[in-house]
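This report concerns only the one structure given below.
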Amino acid sequence: MSMLRMKIIVLLERLKKVTAVADELNVKQPSISFHMRKLEEEWGVALFEMKTGKVLLTEAGKLLFHYAQQIDRVYSEAQIRMSGLRQTGKLKFVFGSTDAAASALLAAGKSPLTAAHEEMIMSFKTGGEEELYQMLLDGSADLITSGRLSRDAFIQSEQIMEDHLSLLVPRGHPLQLKGEPASYRLAGLPFIMLEEPSLMEAVRKWEAEEQVTLQIRWLTDRIDLALNAVRTGDSFSIVPSSILGQPLEGIHAMKLPGAAPSWKLYAAWRTDYWNAPLMQRMIERLRTLSPNGSQSL
């Protein structure tokens with residue numbers, strides 16, 4: 001079996017043209033045609049057909065593409081990992097997190113980054129929940145944390161934290177001076193929210209239970225921008241209490257009135273991860289965040 005030929009099937013399914021595949025691989029067109037013929041000889045069935053100037057896969061070709069795609073993904077992942085090992089002489093562990101999850105971890109003083117040993121290089125990346133899970137599936141991340149729980153069969157998850165939500169108001173605002181406000185008093189105020197689906201879902205649940213609709217005027221994926229907007233008096237916000245850490249200048253944190261829902265933080269990794277003992281050490285480090293909140297899923 002040739003890795004190049006598996007790559008060619010994957011590219012033909014995506015690009016539909018021999019010339020485009022040749023350009024993608026930086027080879028001559030006859031070379032692609034040669035490998036296509038060899039593929040059909042190797043498997044003993046017709047894999048390709050020409051229609052309206054495009055190369056399409058036959059039913060047999062689609063079946064082989066299903067496996068070729070997985071082989072190509074795994075091989076590409078191995079190439080990236082081995083290349084990094086050759087360049088640095090050390091294994092690389094990529095930890096991904098949403099900005100809110102990263103802030104919660106750092107505020108709690110518990111980060112898997114500190115659990116590394118000298119033979120490893122730790123790489124920390126932030127992104128959206130969908131982006132992080134895709135990184136996990138394509139092998140470009142080893143471990144991720146976010147507020148979203150995945151039910152993908154190839155992903156294992158564990159709840160590592162459960163936190164209540166806090167209302168952030170500019171320090172000195174009348175709401176602060178009056179104590180805990182009634183929920184309806186928040187309806188006319190401008191809010192800046194963290195654009196993280198799990199947090200937005202928790203806020204929507206709170207709105208439904210309290211029968212109030214917030215005026216969300218800004219969205220951001222960065223906690224520092226949300227805090228800045230509150231600090232300058234432009235906005236109010238709702239965030240997980242754990243990300244606050246210590247008291248912040250110019251900001252007063254209050255209990256969200258009414259029945260405030262909790263925000264759960266999950267760690268996720270691939271079930272076929274190549275180094276299970278290492279992953280367990282990382283998860284154990286995260287598990288200490290919430291003694292009563294851990295739950296394997």
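Simple scheme: letters A, B, ... for chains in structure tokens order, numbers from 1 for residues in each chain, numbers from 1 for ligands in the order shown.
For range 229-232 of chain A, the residues within 6 Å (counting only C-alpha atoms, excluding itself and residues fewer than 2 positions away along the chain) are Pro170, Ala226, Leu227, Asp234, Ser235, Phe236, Gly250 and Ile251 of chain A.
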Can you check which parts of range 223-273 of chain A lie within 8 Å of range 84-102 of chain A? Per residue, the shortest pair of atoms and distance in Å to one decimal, counting only C-alpha atoms, sorted by chain and number, as JSON lines.
```
{"residue": "A:Ile223", "atom": "CA", "partner": "A:Ala100", "partner_atom": "CA", "distance": 6.3}
{"residue": "A:Ile243", "atom": "CA", "partner": "A:Ala100", "partner_atom": "CA", "distance": 7.0}
{"residue": "A:Leu265", "atom": "CA", "partner": "A:Ala101", "partner_atom": "CA", "distance": 6.9}
```
Distance query range 67-83 of chain A at most 12 Å, only C-alpha atoms, self and fewer than 2 positions along chain excluded, as a VMD selection string: chain A and resid 1 to 14 39 60 to 65 85 to 94 121 135 to 142 272 to 274
task: Can you work out which one of A:Gln215, A:Ser183, A:Gln29, A:Thr145 has the shortest atom-to-atom distance to Arg287 in chain A, counting only C-alpha atoms?
output: A:Thr145
